[in-house]
$ cat coords_34.pdb   # PDB, C-alpha atoms, pLDDT in the B column
MODEL        1
ATOM      1  CA  MET A1229       7.437  -8.456  10.633  1.00 75.00           C
ATOM      2  CA  LYS A1230       4.514 -10.003  12.478  1.00 77.00           C
ATOM      3  CA  GLN A1231       4.702  -7.277  15.141  1.00 78.00           C
ATOM      4  CA  THR A1232       4.834  -4.494  12.516  1.00 77.00           C
ATOM      5  CA  LEU A1233       1.765  -5.874  10.738  1.00 80.00           C
ATOM      6  CA  LYS A1234      -0.058  -6.151  14.048  1.00 79.00           C
ATOM      7  CA  GLN A1235       0.851  -2.548  14.933  1.00 78.00           C
ATOM      8  CA  LEU A1236      -0.380  -1.292  11.549  1.00 75.00           C
ATOM      9  CA  SER A1237      -3.629  -3.204  11.870  1.00 76.00           C
ATOM     10  CA  GLY A1238      -4.108  -1.895  15.410  1.00 75.00           C
ATOM     11  CA  ALA A1239      -3.252   1.698  14.483  1.00 75.00           C
ATOM     12  CA  SER A1240      -6.003   1.892  11.861  1.00 75.00           C
ATOM     13  CA  PRO A1241      -8.525  -0.877  12.568  1.00 75.00           C
ATOM     14  CA  GLU A1242     -11.215   1.012  10.648  1.00 79.00           C
ATOM     15  CA  ALA A1243      -9.278   0.390   7.412  1.00 80.00           C
ATOM     16  CA  TYR A1244      -9.502  -3.375   7.698  1.00 83.00           C
ATOM     17  CA  LEU A1245     -12.340  -5.813   7.572  1.00 87.00           C
ATOM     18  CA  SER A1246      -9.701  -8.465   8.251  1.00 89.00           C
ATOM     19  CA  PRO A1247      -6.232  -7.407   9.514  1.00 86.00           C
ATOM     20  CA  LEU A1248      -2.798  -7.821   7.955  1.00 85.00           C
ATOM     21  CA  THR A1249      -1.897 -11.470   8.490  1.00 87.00           C
ATOM     22  CA  ILE A1250       1.195 -13.477   7.533  1.00 86.00           C
ATOM     23  CA  THR A1251       0.018 -16.368   5.379  1.00 85.00           C
ATOM     24  CA  LEU A1252       3.191 -18.206   4.419  1.00 80.00           C
ATOM     25  CA  GLY A1253       6.844 -17.288   4.564  1.00 78.00           C
ATOM     26  CA  ASP A1254       7.077 -13.559   3.941  1.00 80.00           C
ATOM     27  CA  GLU A1255       3.649 -13.174   2.316  1.00 84.00           C
ATOM     28  CA  PHE A1256       0.809 -11.425   4.085  1.00 86.00           C
ATOM     29  CA  GLN A1257      -2.728 -10.446   3.221  1.00 88.00           C
ATOM     30  CA  ALA A1258      -5.617  -8.379   4.499  1.00 87.00           C
ATOM     31  CA  VAL A1259      -9.139  -7.419   3.527  1.00 90.00           C
ATOM     32  CA  TYR A1260      -9.623  -3.660   3.244  1.00 86.00           C
ATOM     33  CA  GLY A1261     -13.006  -1.992   3.436  1.00 83.00           C
ATOM     34  CA  ASP A1262     -11.764   0.597   0.964  1.00 78.00           C
ATOM     35  CA  PHE A1263      -8.593   1.480  -0.891  1.00 84.00           C
ATOM     36  CA  SER A1264      -7.653   4.654   1.019  1.00 86.00           C
ATOM     37  CA  ALA A1265      -5.366   2.932   3.562  1.00 85.00           C
ATOM     38  CA  VAL A1266      -3.300   1.000   1.000  1.00 88.00           C
ATOM     39  CA  PHE A1267      -0.670   3.665   0.200  1.00 90.00           C
ATOM     40  CA  PRO A1268      -0.138   4.846   3.797  1.00 89.00           C
ATOM     41  CA  HIS A1269       0.317   1.233   4.850  1.00 86.00           C
ATOM     42  CA  MET A1270       2.735   0.592   1.979  1.00 88.00           C
ATOM     43  CA  LEU A1271       4.894   3.494   3.198  1.00 89.00           C
ATOM     44  CA  GLU A1272       4.961   2.130   6.730  1.00 86.00           C
ATOM     45  CA  ILE A1273       5.614  -1.484   5.696  1.00 86.00           C
ATOM     46  CA  LEU A1274       8.423  -0.378   3.385  1.00 88.00           C
ATOM     47  CA  GLN A1275      10.072   1.544   6.260  1.00 87.00           C
ATOM     48  CA  PHE A1276      10.187  -1.699   8.188  1.00 85.00           C
ATOM     49  CA  LEU A1277      11.325  -3.857   5.243  1.00 84.00           C
ATOM     50  CA  SER A1278      14.034  -1.541   3.929  1.00 85.00           C
ATOM     51  CA  PRO A1279      16.339  -2.303   2.180  1.00 86.00           C
ATOM     52  CA  HIS A1280      14.115  -5.152   0.974  1.00 84.00           C
ATOM     53  CA  LYS A1281      11.454  -4.451  -1.607  1.00 85.00           C
ATOM     54  CA  LEU A1282       7.699  -4.955  -1.443  1.00 85.00           C
ATOM     55  CA  ARG A1283       5.552  -6.724  -4.024  1.00 87.00           C
ATOM     56  CA  VAL A1284       1.842  -5.851  -3.761  1.00 89.00           C
ATOM     57  CA  ALA A1285      -1.095  -7.533  -5.463  1.00 89.00           C
ATOM     58  CA  LEU A1286      -4.547  -6.115  -4.798  1.00 89.00           C
ATOM     59  CA  ALA A1287      -7.898  -7.184  -6.127  1.00 90.00           C
ATOM     60  CA  TYR A1288     -11.359  -5.778  -5.812  1.00 90.00           C
ATOM     61  CA  GLY A1289     -14.216  -8.209  -5.736  1.00 88.00           C
ATOM     62  CA  GLU A1290     -16.597 -10.367  -3.812  1.00 89.00           C
ATOM     63  CA  LEU A1291     -15.869 -12.774  -1.003  1.00 90.00           C
ATOM     64  CA  THR A1292     -17.849 -16.016  -0.974  1.00 93.00           C
ATOM     65  CA  THR A1293     -17.161 -16.746   2.681  1.00 93.00           C
ATOM     66  CA  ASP A1294     -17.749 -14.784   5.844  1.00 92.00           C
ATOM     67  CA  ILE A1295     -15.131 -12.188   6.698  1.00 91.00           C
ATOM     68  CA  ASN A1296     -12.773 -13.291   9.451  1.00 89.00           C
ATOM     69  CA  PRO A1297     -12.263 -10.130  11.560  1.00 88.00           C
ATOM     70  CA  LYS A1298      -9.410 -11.660  13.589  1.00 90.00           C
ATOM     71  CA  ALA A1299      -7.088 -12.843  10.774  1.00 86.00           C
ATOM     72  CA  ALA A1300      -7.069 -12.738   6.959  1.00 88.00           C
ATOM     73  CA  LEU A1301      -7.364 -16.522   6.807  1.00 90.00           C
ATOM     74  CA  GLU A1302     -10.109 -19.056   6.034  1.00 90.00           C
ATOM     75  CA  MET A1303     -11.759 -16.794   3.467  1.00 90.00           C
ATOM     76  CA  ASP A1304     -12.292 -17.248  -0.242  1.00 90.00           C
ATOM     77  CA  GLY A1305     -13.844 -15.638  -3.279  1.00 91.00           C
ATOM     78  CA  PRO A1306     -13.087 -13.932  -6.576  1.00 91.00           C
ATOM     79  CA  ALA A1307     -11.168 -11.109  -4.846  1.00 90.00           C
ATOM     80  CA  PHE A1308      -8.654 -13.573  -3.372  1.00 89.00           C
ATOM     81  CA  ASN A1309      -8.363 -15.459  -6.676  1.00 91.00           C
ATOM     82  CA  LEU A1310      -7.680 -12.266  -8.626  1.00 92.00           C
ATOM     83  CA  ALA A1311      -5.095 -11.103  -6.057  1.00 90.00           C
ATOM     84  CA  ARG A1312      -3.314 -14.455  -6.216  1.00 90.00           C
ATOM     85  CA  GLY A1313      -3.228 -14.206 -10.027  1.00 90.00           C
ATOM     86  CA  CYS A1314      -1.681 -10.729  -9.785  1.00 90.00           C
ATOM     87  CA  MET A1315       0.925 -11.968  -7.300  1.00 89.00           C
ATOM     88  CA  GLU A1316       1.880 -14.914  -9.503  1.00 89.00           C
ATOM     89  CA  GLY A1317       2.229 -12.546 -12.461  1.00 87.00           C
ATOM     90  CA  LEU A1318       4.510 -10.250 -10.460  1.00 86.00           C
ATOM     91  CA  LYS A1319       6.647 -13.181  -9.345  1.00 86.00           C
ATOM     92  CA  LYS A1320       6.906 -14.538 -12.888  1.00 87.00           C
ATOM     93  CA  ARG A1321       8.062 -11.112 -14.141  1.00 83.00           C
ATOM     94  CA  GLN A1322      10.327 -10.765 -11.082  1.00 80.00           C
ATOM     95  CA  SER A1323       8.657  -7.431 -10.525  1.00 78.00           C
ATOM     96  CA  THR A1324       8.286  -5.553  -7.252  1.00 76.00           C
ATOM     97  CA  ALA A1325       5.419  -3.476  -8.521  1.00 80.00           C
ATOM     98  CA  LEU A1326       1.889  -2.912  -7.319  1.00 87.00           C
ATOM     99  CA  LEU A1327      -0.830  -4.495  -9.449  1.00 86.00           C
ATOM    100  CA  ILE A1328      -4.586  -4.201  -9.056  1.00 89.00           C
ATOM    101  CA  ASP A1329      -7.297  -6.360 -10.614  1.00 90.00           C
ATOM    102  CA  GLY A1330     -11.067  -6.526 -10.418  1.00 90.00           C
ATOM    103  CA  LEU A1331     -11.694  -2.966 -11.608  1.00 91.00           C
ATOM    104  CA  PRO A1332     -13.264  -2.106 -14.992  1.00 90.00           C
ATOM    105  CA  GLU A1333     -11.006  -3.419 -17.762  1.00 91.00           C
ATOM    106  CA  ASP A1334     -10.871  -0.087 -19.584  1.00 92.00           C
ATOM    107  CA  ARG A1335      -9.378   1.605 -16.485  1.00 91.00           C
ATOM    108  CA  LEU A1336      -6.882  -1.046 -15.382  1.00 92.00           C
ATOM    109  CA  PRO A1337      -4.022  -0.273 -17.823  1.00 93.00           C
ATOM    110  CA  LEU A1338      -3.687   3.343 -16.683  1.00 94.00           C
ATOM    111  CA  ILE A1339      -4.204   2.554 -12.980  1.00 93.00           C
ATOM    112  CA  ASN A1340      -1.680  -0.291 -13.058  1.00 91.00           C
ATOM    113  CA  ALA A1341       0.881   1.715 -15.020  1.00 92.00           C
ATOM    114  CA  ALA A1342       0.644   4.499 -12.436  1.00 94.00           C
ATOM    115  CA  CYS A1343       0.796   1.996  -9.564  1.00 92.00           C
ATOM    116  CA  THR A1344       3.863   0.324 -11.073  1.00 90.00           C
ATOM    117  CA  LEU A1345       5.672   3.661 -11.355  1.00 91.00           C
ATOM    118  CA  LEU A1346       4.745   4.510  -7.760  1.00 92.00           C
ATOM    119  CA  ALA A1347       5.808   1.129  -6.404  1.00 90.00           C
ATOM    120  CA  ASN A1348       9.144   1.309  -8.214  1.00 89.00           C
ATOM    121  CA  ALA A1349       9.813   4.757  -6.746  1.00 92.00           C
ATOM    122  CA  LEU A1350       8.776   3.701  -3.238  1.00 91.00           C
ATOM    123  CA  ASN A1351      10.888   0.556  -3.363  1.00 89.00           C
ATOM    124  CA  ASP A1352      13.947   2.716  -4.108  1.00 91.00           C
ATOM    125  CA  TRP A1353      13.347   5.183  -1.278  1.00 94.00           C
ATOM    126  CA  LYS A1354      15.403   5.065   1.897  1.00 94.00           C
ATOM    127  CA  PRO A1355      13.601   4.722   5.259  1.00 93.00           C
ATOM    128  CA  ALA A1356      14.005   8.459   5.977  1.00 95.00           C
ATOM    129  CA  THR A1357      12.249   9.372   2.709  1.00 96.00           C
ATOM    130  CA  LEU A1358       9.457   6.905   3.453  1.00 94.00           C
ATOM    131  CA  ARG A1359       9.051   8.409   6.934  1.00 95.00           C
ATOM    132  CA  ILE A1360       9.023  11.942   5.507  1.00 97.00           C
ATOM    133  CA  ALA A1361       6.366  10.972   2.955  1.00 96.00           C
ATOM    134  CA  ARG A1362       4.206   9.320   5.610  1.00 94.00           C
ATOM    135  CA  GLY A1363       4.677  12.331   7.867  1.00 96.00           C
ATOM    136  CA  LEU A1364       3.557  14.688   5.113  1.00 97.00           C
ATOM    137  CA  GLN A1365       0.479  12.493   4.556  1.00 94.00           C
ATOM    138  CA  LYS A1366      -0.312  12.913   8.250  1.00 93.00           C
ATOM    139  CA  GLY A1367       0.174  16.692   8.067  1.00 95.00           C
ATOM    140  CA  GLU A1368       3.471  16.805   9.978  1.00 96.00           C
ATOM    141  CA  SER A1369       5.722  19.813   9.388  1.00 95.00           C
ATOM    142  CA  ALA A1370       9.251  19.718   7.975  1.00 94.00           C
ATOM    143  CA  GLN A1371      10.438  21.047  11.338  1.00 95.00           C
ATOM    144  CA  SER A1372       8.841  18.195  13.314  1.00 97.00           C
ATOM    145  CA  LEU A1373      10.096  15.641  10.771  1.00 97.00           C
ATOM    146  CA  SER A1374      13.625  17.046  11.022  1.00 96.00           C
ATOM    147  CA  GLU A1375      13.555  16.790  14.814  1.00 97.00           C
ATOM    148  CA  MET A1376      12.185  13.244  14.711  1.00 95.00           C
ATOM    149  CA  LEU A1377      14.768  12.119  12.124  1.00 96.00           C
ATOM    150  CA  GLY A1378      17.665  14.058  13.661  1.00 96.00           C
ATOM    151  CA  ILE A1379      18.377  16.022  10.472  1.00 96.00           C
ATOM    152  CA  THR A1380      18.035  19.667   9.516  1.00 96.00           C
ATOM    153  CA  PRO A1381      14.817  21.096   8.063  1.00 96.00           C
ATOM    154  CA  ARG A1382      16.865  21.905   4.966  1.00 96.00           C
ATOM    155  CA  ALA A1383      17.758  18.201   4.630  1.00 97.00           C
ATOM    156  CA  VAL A1384      14.053  17.342   4.892  1.00 97.00           C
ATOM    157  CA  HIS A1385      13.192  19.815   2.116  1.00 97.00           C
ATOM    158  CA  LYS A1386      16.062  18.540  -0.033  1.00 97.00           C
ATOM    159  CA  ASN A1387      14.869  14.950   0.468  1.00 97.00           C
ATOM    160  CA  ILE A1388      11.329  15.949  -0.546  1.00 97.00           C
ATOM    161  CA  ALA A1389      12.591  17.690  -3.696  1.00 97.00           C
ATOM    162  CA  THR A1390      15.204  15.115  -4.723  1.00 97.00           C
ATOM    163  CA  ASN A1391      12.810  12.179  -4.370  1.00 97.00           C
ATOM    164  CA  TYR A1392       9.739  13.942  -5.816  1.00 97.00           C
ATOM    165  CA  VAL A1393       7.873  13.157  -2.599  1.00 97.00           C
ATOM    166  CA  ARG A1394       5.078  15.688  -3.138  1.00 97.00           C
ATOM    167  CA  ASP A1395       4.544  14.469  -6.715  1.00 97.00           C
ATOM    168  CA  ILE A1396       4.405  10.855  -5.551  1.00 96.00           C
ATOM    169  CA  LEU A1397       1.915  11.751  -2.803  1.00 97.00           C
ATOM    170  CA  ALA A1398      -0.213  13.660  -5.334  1.00 96.00           C
ATOM    171  CA  ALA A1399      -0.186  10.617  -7.634  1.00 95.00           C
ATOM    172  CA  MET A1400      -1.244   8.407  -4.692  1.00 94.00           C
ATOM    173  CA  ASP A1401      -4.141  10.743  -3.973  1.00 95.00           C
ATOM    174  CA  ALA A1402      -5.195  10.748  -7.637  1.00 95.00           C
ATOM    175  CA  ILE A1403      -5.103   6.949  -7.843  1.00 94.00           C
ATOM    176  CA  ASN A1404      -7.010   6.712  -4.579  1.00 91.00           C
ATOM    177  CA  ARG A1405      -9.759   9.045  -5.874  1.00 91.00           C
ATOM    178  CA  GLU A1406      -9.976   7.104  -9.151  1.00 91.00           C
ATOM    179  CA  VAL A1407     -10.238   3.726  -7.426  1.00 91.00           C
ATOM    180  CA  ARG A1408     -12.737   5.048  -4.880  1.00 87.00           C
ATOM    181  CA  GLY A1409     -14.885   6.416  -7.722  1.00 86.00           C
ATOM    182  CA  LEU A1410     -14.846   3.034  -9.460  1.00 86.00           C
ATOM    183  CA  THR A1411     -15.701   1.047  -6.345  1.00 84.00           C
ATOM    184  CA  GLU A1412     -18.143   3.171  -4.363  1.00 77.00           C
ATOM    185  CA  GLU A1413     -21.403   1.417  -3.562  1.00 63.00           C
ATOM    186  CA  LYS A1414     -20.470  -1.789  -5.392  1.00 69.00           C
ATOM    187  CA  GLY A1415     -20.119  -3.938  -2.267  1.00 63.00           C
ATOM    188  CA  GLY A1416     -16.794  -5.574  -3.109  1.00 66.00           C
ATOM    189  CA  ARG A1417     -13.675  -5.769  -1.007  1.00 72.00           C
ATOM    190  CA  PHE A1418      -9.960  -5.236  -1.555  1.00 74.00           C
ATOM    191  CA  THR A1419      -7.707  -8.177  -0.698  1.00 75.00           C
TER     192      THR A1419
ENDMDL
END

$ encode --input "coords_34.pdb" --output "structure tokens"
Amino acid sequence: MKQTLKQLSGASPEAYLSPLTITLGDEFQAVYGDFSAVFPHMLEILQFLSPHKLRVALAYGELTTDINPKAALEMDGPAFNLARGCMEGLKKRQSTALLIDGLPEDRLPLINAACTLLANALNDWKPATLRIARGLQKGESAQSLSEMLGITPRAVHKNIATNYVRDILAAMDAINREVRGLTEEKGGRFT
């Protein structure tokens, strides 16, 4: 897991102010400069973790310490406190959803309901579906995905249709736009 997190952090260093870092046991954290990398990274982490599920708690807010660019450790602030509260709530409910906090209260119910539906779908996907979804996000063709996965293009298209991959990706984009609109120019961070 440590190697996968390091690869993800290295593959898109611009997404992180502080990279994905294992904190204790199987928990890890990061500080994102913006929300746009969260869903692509979830797809890649889930490919690695499958068949295990992923529980994600994100919070937007201030940090009261300097950002550690080498590891997501030795930092503190409201963003970390809110994220920890979300994680504890997920654990208490035994949920493997994605929860966000720190955004305007009137927008959180809809955003979190959509994120929960997305996380539940993603947690049920097989590694091939996760790879197809990530490939589509990157602009890869069904033909190249079929060659990479060793399946027919028809099987790729069937996987996309059966698992509502394009709908899920559209929902991710919509959530991303909504969150970006709520957080632009506010100076907070996602943890």

$ residues_around --input "coords_34.pdb" --residues "Ser1240 (chain A)" --least-positions-apart "5" --cutoff "10 Å" --atoms "only C-alpha atoms" --output "list of chain:residue names"
A:Gln1235, A:Pro1247, A:Ala1265, A:His1269

$ closest_residue --input "coords_34.pdb" --among "A:Ala1399, A:Ala1356, A:Ala1243, A:Leu1286" --to "Ser1264 (chain A)" --atoms "all atoms listed in the file"
A:Ala1243

$ atom_distance --input "coords_34.pdb" --atom1 "CA of Ile1396 (chain A)" --atom2 "CA of Phe1418 (chain A)"
21.9 Å

$ residues_around --input "coords_34.pdb" --residues "Pro1241 (chain A)" --least-positions-apart "2" --cutoff "12 Å" --atoms "all atoms listed in the file" --output "PyMOL selection string"
chain A and resi 1233-1239+1243-1248+1258-1261+1265+1269+1297-1298

$ resolve_selection --input "coords_34.pdb" --expression "the PyMOL selection byres ((chain A and resi 1401) around 12)" --output "list of chain:residue names"
A:Phe1263, A:Ser1264, A:Ala1265, A:Val1266, A:Phe1267, A:Pro1268, A:Ala1342, A:Cys1343, A:Leu1346, A:Gln1365, A:Arg1394, A:Asp1395, A:Ile1396, A:Leu1397, A:Ala1398, A:Ala1399, A:Met1400, A:Ala1402, A:Ile1403, A:Asn1404, A:Arg1405, A:Glu1406, A:Val1407, A:Arg1408

$ residues_around --input "coords_34.pdb" --residues "Tyr1392 (chain A)" --least-positions-apart "5" --cutoff "12 Å" --atoms "only C-alpha atoms" --output "ChimeraX atom specification"
/A:1346,1349-1350,1353,1357-1358,1360-1361,1385-1387,1397-1399

$ resolve_selection --input "coords_34.pdb" --expression "the PyMOL selection byres ((chain A and resi 1312-1324) around 6)" --output "ChimeraX atom specification"
/A:1282-1283,1285,1309-1311,1325

$ write_last_selection --input "coords_34.pdb" --atoms "C-alpha atoms" --output "mmCIF file, keeping the file's coordinate frame"
data_model
loop_
_atom_site.group_PDB
_atom_site.id
_atom_site.type_symbol
_atom_site.label_atom_id
_atom_site.label_comp_id
_atom_site.auth_asym_id
_atom_site.auth_seq_id
_atom_site.Cartn_x
_atom_site.Cartn_y
_atom_site.Cartn_z
ATOM 1 C CA LEU A 1282 7.699 -4.955 -1.443
ATOM 2 C CA ARG A 1283 5.552 -6.724 -4.024
ATOM 3 C CA ALA A 1285 -1.095 -7.533 -5.463
ATOM 4 C CA ASN A 1309 -8.363 -15.459 -6.676
ATOM 5 C CA LEU A 1310 -7.680 -12.266 -8.626
ATOM 6 C CA ALA A 1311 -5.095 -11.103 -6.057
ATOM 7 C CA ALA A 1325 5.419 -3.476 -8.521
#

$ atom_distance --input "coords_34.pdb" --atom1 "CA of Thr1251 (chain A)" --atom2 "CA of Arg1362 (chain A)"
26.0 Å

$ atom_distance --input "coords_34.pdb" --atom1 "CA of Phe1256 (chain A)" --atom2 "CA of Asn1391 (chain A)"
27.8 Å

$ closest_residue --input "coords_34.pdb" --among "A:Leu1364, A:Ile1250, A:Ala1347, A:Ala1287" --to "Gly1305 (chain A)" --atoms "only C-alpha atoms"
A:Ala1287

$ closest_residue --input "coords_34.pdb" --among "A:Leu1326, A:Ala1370, A:Ala1307, A:Leu1301" --to "Lys1281 (chain A)" --atoms "only C-alpha atoms"
A:Leu1326

$ closest_residue --input "coords_34.pdb" --among "A:Thr1232, A:Val1284, A:Asn1348, A:Arg1382" --to "Glu1255 (chain A)" --atoms "all atoms listed in the file"
A:Val1284

$ residues_around --input "coords_34.pdb" --residues "Gln1371 (chain A)" --least-positions-apart "4" --cutoff "8 Å" --atoms "only C-alpha atoms" --output "PyMOL selection string"
chain A and resi 1375+1380-1381
